[in-house]
Amino acid sequence: MKKQYTIYTIGYTAFPDEKQFIDVLKKLNITCVVDVRSNPIASEYYQVYSRNSLGPLLNQNRILYRNYSKEFGARQENKKYYMIYKNEGKTEQCLNFELFTKSNEFIDGVEKIKKGIDLGYTFVLMCAEKDPIDCHRTIMIARALSNMDFDVKHILYDGTIETQTSIDERLLCKYKYQPSFLQSKEEQIAEAYRKRNIEIGYKGSY
């Protein structure tokens, strides 16, 4: 079945030259950048991607800027969305991606995006990481969106596109899953996302 909505993701560290970043957005007719960083401040080398610089830059190019840290951020204040687990004998915690994507905050964010698309906007979810597989925009947000009505397209450093299905396959390869009578492929994929969640999820304090 064809998905109803299309949305892009991008990691700004793939584009040290902000002109290339803007060119890629224009080429794909992106009209709104949704910043999913909890703290929208970039390192000194990428300072142009801090909110106070990026907003005006996008505005100059007739692209809207929005920050959805509350709806889509990897660092959430409410501890009920964190999971506790053991790591080498130590008790740790990190944001539970699956759980948070069921929250009212996340669902509100999704509904805003849907309404925007219905109005003719084209969105890209922006975070820092160059490789989508290293970022919560992919492992948390895009995973949830792809299970809804969204066709998620990840913009790579060279401007090409990677699909969420490709991310699924990369995760299966990363964790060395093989066809099994004990687990369906869908179950293996879900388990792989949970493993990646623990590896990259914001740990917070316990």
# chains A, B, ... in the order shown; residues from 1 in each chain; ligands from 1
call {"tool": "residues_around", "arguments": {"residues": "region 60-69 of chain A", "least_positions_apart": "6", "cutoff": "6 Å", "atoms": "only C-alpha atoms", "output": "PyMOL selection string"}}
result
chain A and resi 31-38
call {"tool": "residues_around", "arguments": {"residues": "Thr165 (chain A)", "least_positions_apart": "6", "cutoff": "12 Å", "atoms": "only C-alpha atoms", "output": "list in words"}}
result
Ile133, Thr138, Ile139, Ala142, Arg143, Ser146, Asn147, Asp151, Val152, Lys153, His154, Leu171, Leu172, Glu186 and Ile189 of chain A
call {"tool": "write_last_selection", "arguments": {"atoms": "N, CA and C atoms", "output": "mmCIF file, in the first residue's frame"}}
result
data_model
loop_
_atom_site.group_PDB
_atom_site.id
_atom_site.type_symbol
_atom_site.label_atom_id
_atom_site.label_comp_id
_atom_site.auth_asym_id
_atom_site.auth_seq_id
_atom_site.Cartn_x
_atom_site.Cartn_y
_atom_site.Cartn_z
ATOM 1 N N ILE A 133 21.856 5.960 10.836
ATOM 2 C CA ILE A 133 21.764 4.833 11.764
ATOM 3 C C ILE A 133 22.310 5.177 13.149
ATOM 4 N N THR A 138 16.332 8.626 13.319
ATOM 5 C CA THR A 138 16.082 7.419 12.537
ATOM 6 C C THR A 138 15.567 6.279 13.403
ATOM 7 N N ILE A 139 16.286 6.015 14.501
ATOM 8 C CA ILE A 139 15.978 4.851 15.326
ATOM 9 C C ILE A 139 14.700 5.049 16.143
ATOM 10 N N ALA A 142 11.879 8.179 12.917
ATOM 11 C CA ALA A 142 11.573 7.618 11.593
ATOM 12 C C ALA A 142 11.013 6.205 11.699
ATOM 13 N N ARG A 143 11.515 5.439 12.647
ATOM 14 C CA ARG A 143 10.981 4.091 12.864
ATOM 15 C C ARG A 143 9.483 4.153 13.163
ATOM 16 N N SER A 146 7.510 5.462 10.043
ATOM 17 C CA SER A 146 7.402 4.468 8.970
ATOM 18 C C SER A 146 6.367 3.399 9.297
ATOM 19 N N ASN A 147 6.065 3.231 10.576
ATOM 20 C CA ASN A 147 5.021 2.284 10.982
ATOM 21 C C ASN A 147 3.637 2.933 10.938
ATOM 22 N N ASP A 151 6.345 7.733 4.386
ATOM 23 C CA ASP A 151 7.460 7.237 3.591
ATOM 24 C C ASP A 151 8.660 8.106 3.982
ATOM 25 N N VAL A 152 9.577 7.534 4.752
ATOM 26 C CA VAL A 152 10.701 8.304 5.286
ATOM 27 C C VAL A 152 11.905 8.186 4.357
ATOM 28 N N LYS A 153 12.488 9.327 4.032
ATOM 29 C CA LYS A 153 13.645 9.368 3.138
ATOM 30 C C LYS A 153 14.794 10.073 3.864
ATOM 31 N N HIS A 154 15.898 9.362 4.069
ATOM 32 C CA HIS A 154 17.052 9.902 4.771
ATOM 33 C C HIS A 154 18.037 10.495 3.760
ATOM 34 N N LEU A 171 20.540 -2.726 10.112
ATOM 35 C CA LEU A 171 20.506 -3.141 11.518
ATOM 36 C C LEU A 171 20.567 -4.662 11.645
ATOM 37 N N LEU A 172 19.845 -5.356 10.783
ATOM 38 C CA LEU A 172 19.900 -6.823 10.810
ATOM 39 C C LEU A 172 21.322 -7.299 10.542
ATOM 40 N N GLU A 186 10.208 -9.521 11.068
ATOM 41 C CA GLU A 186 9.692 -8.326 11.729
ATOM 42 C C GLU A 186 10.091 -8.304 13.197
ATOM 43 N N ILE A 189 13.765 -7.380 13.378
ATOM 44 C CA ILE A 189 13.952 -5.948 13.135
ATOM 45 C C ILE A 189 13.605 -5.151 14.395
#
call {"tool": "residues_around", "arguments": {"residues": "Gly11 (chain A)", "least_positions_apart": "2", "cutoff": "8 Å", "atoms": "only C-alpha atoms", "output": "PDB file with C-alpha atoms, in the first residue's frame"}}
result
ATOM      1  CA  THR A   9      15.599  13.485   7.570  1.00  0.00           C
ATOM      2  CA  THR A  13      27.396  17.287  10.188  1.00  0.00           C
ATOM      3  CA  ALA A  14      27.262  15.739   6.711  1.00  0.00           C
ATOM      4  CA  PHE A  15      27.302  19.305   5.367  1.00  0.00           C
ATOM      5  CA  MET A 126      17.161  17.680  11.273  1.00  0.00           C
ATOM      6  CA  CYS A 127      19.623  16.457  13.860  1.00  0.00           C
ATOM      7  CA  ALA A 128      23.419  16.285  14.007  1.00  0.00           C
ATOM      8  CA  GLU A 129      24.659  12.820  13.078  1.00  0.00           C
ATOM      9  CA  LYS A 130      25.983  12.264   9.578  1.00  0.00           C
ATOM     10  CA  ASP A 131      24.913   8.603   9.331  1.00  0.00           C
ATOM     11  CA  PRO A 132      21.170   8.107   9.940  1.00  0.00           C
ATOM     12  CA  ILE A 155      19.271  12.466   3.009  1.00  0.00           C
ATOM     13  CA  LEU A 156      22.910  11.340   2.922  1.00  0.00           C
TER      14      LEU A 156
END
call {"tool": "residues_around", "arguments": {"residues": "Ile22 (chain A)", "least_positions_apart": "3", "cutoff": "8 Å", "atoms": "only C-alpha atoms", "output": "VMD selection string"}}
result
chain A and resid 18 to 19 25 to 26 58 61
call {"tool": "residues_around", "arguments": {"residues": "region 81-92 of chain A", "least_positions_apart": "5", "cutoff": "12 Å", "atoms": "only C-alpha atoms", "output": "VMD selection string"}}
result
chain A and resid 74 to 76 97 to 106 194 to 195 197 to 199 201 to 206
call {"tool": "atom_distance", "arguments": {"atom1": "CA of Leu125 (chain A)", "atom2": "CA of Asn78 (chain A)"}}
result
22.5 Å
